[in-house]
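Visitor: Have a look at this one before I ask anything.
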Amino acid sequence: MTAGRLAALVVLAVAAVGVALVLQRRRPDPPSAPSYRAPAQLDRNDFTPPAGSWAVVLFGSTTCDTCPTAWAVIQQVLNDRSGGPVESQRVDVQSDADLHRRYRIDGVPTTVLADPDGVVTHTFFGPMEPASLADALAEAGV
């Protein structure tokens, strides 16, 4: 191999590395993890019972693997506690798609704790531990 050919190969290799680096920098960032939204306020007339007590609402789906577990945790915590009135309701997207759209629920299970006026004080995305919900209720003074 002649010195001229070797020099040409070196120049081509350096140019290829330079082009690769430029293209690497131009590649868009990968998508970030989804950020789920939580409602800040519930219209208590959308839920049973409407107003007058605290509410734990589970937005779920009949096809969700973790939704039954989340619902069981809610029922367990509410049955094991002594305190003010707290009602619970499960809202599955298959039977209540309008409520899921209205409150912009884009991930299930999403569980919210709302005061008698409908102000959401705590939100849980995904499965939750019983202690987390019990702590939220205690923090709310319920």
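In the structure tokens, each chain is lettered A, B, ... as it comes, each chain's residues begin at 1, and ligands are numbered from 1 in order of appearance.
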From the DSSP assignment of the backbone, select every residue of range 15-129 of chain A that is alpha helix (DSSP H), and format the answer as a VMD selection string.
Guide: chain A and resid 15 to 26 67 to 80 97 to 102
Visitor: Could those selected residues go to a file with C-alpha atoms, as a compact mmCIF listing (two decimals), in the first residue's frame?
Guide:
```txt
# COMPACT_ATOMS: atom_id res chain seq x y z
CA ALA A 15 -14.22 12.30 8.10
CA ALA A 16 -16.53 9.33 8.80
CA VAL A 17 -16.01 9.70 12.56
CA GLY A 18 -16.70 13.43 12.29
CA VAL A 19 -19.93 12.86 10.35
CA ALA A 20 -21.02 10.19 12.87
CA LEU A 21 -20.45 12.58 15.77
CA VAL A 22 -22.47 15.34 14.09
CA LEU A 23 -25.34 12.96 13.36
CA GLN A 24 -25.24 11.64 16.93
CA ARG A 25 -25.72 15.16 18.29
CA ARG A 26 -28.63 15.85 15.94
CA CYS A 67 -56.80 -2.33 39.47
CA PRO A 68 -58.42 -5.15 41.50
CA THR A 69 -55.51 -5.03 43.95
CA ALA A 70 -55.81 -1.24 44.27
CA TRP A 71 -59.56 -1.57 44.88
CA ALA A 72 -58.94 -4.25 47.53
CA VAL A 73 -56.44 -1.95 49.29
CA ILE A 74 -59.02 0.87 49.34
CA GLN A 75 -61.69 -1.41 50.77
CA GLN A 76 -59.29 -2.85 53.36
CA VAL A 77 -58.13 0.57 54.57
CA LEU A 78 -61.65 1.99 54.75
CA ASN A 79 -62.93 -1.08 56.64
CA ASP A 80 -60.01 -1.07 59.11
CA ALA A 97 -65.48 6.60 29.69
CA ASP A 98 -67.03 10.07 29.93
CA LEU A 99 -65.71 10.54 33.48
CA HIS A 100 -62.24 9.34 32.46
CA ARG A 101 -62.22 11.88 29.62
CA ARG A 102 -63.70 14.66 31.75
```
Visitor: Using only C-alpha atoms, which residues sit within 12 Å of range 114-123 of chain A once same-chain residues fewer than 2 positions away are excluded, as a PyMOL selection string?
Guide: chain A and resi 36-59+84-89+103+105+108-112+125-128+132-142
Visitor: Choose the residue, out of A:Thr66, A:Ser61, A:Gly4, A:Val14, that has the smallest atom-to-atom separation from Arg90 in chain A; count only C-alpha atoms.
Guide: A:Ser61
Visitor: Could you state the separation of CA of Thr63 in chain A and CA of Leu113 in chain A in Å, given to one decimal place?
Guide: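 Atom-to-atom, CA of Thr63 in chain A to CA of Leu113 in chain A, that is 23.0 Å.
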Visitor: Hey, what does DSSP flag as strand (DSSP E or B) within range 10-106 of chain A? Can you give it to me as a PyMOL selection string?
Guide: chain A and resi 41+54-60+86-92
Visitor: State, in Å with one decimal place, the distance from CA of Asp92 in chain A to CA of Phe124 in chain A.
Guide: 16.0 Å
Visitor: Measure the distance from CA of Ser35 in chain A to CA of Asp65 in chain A in Å and round it to one decimal.
Guide: 20.0 Å
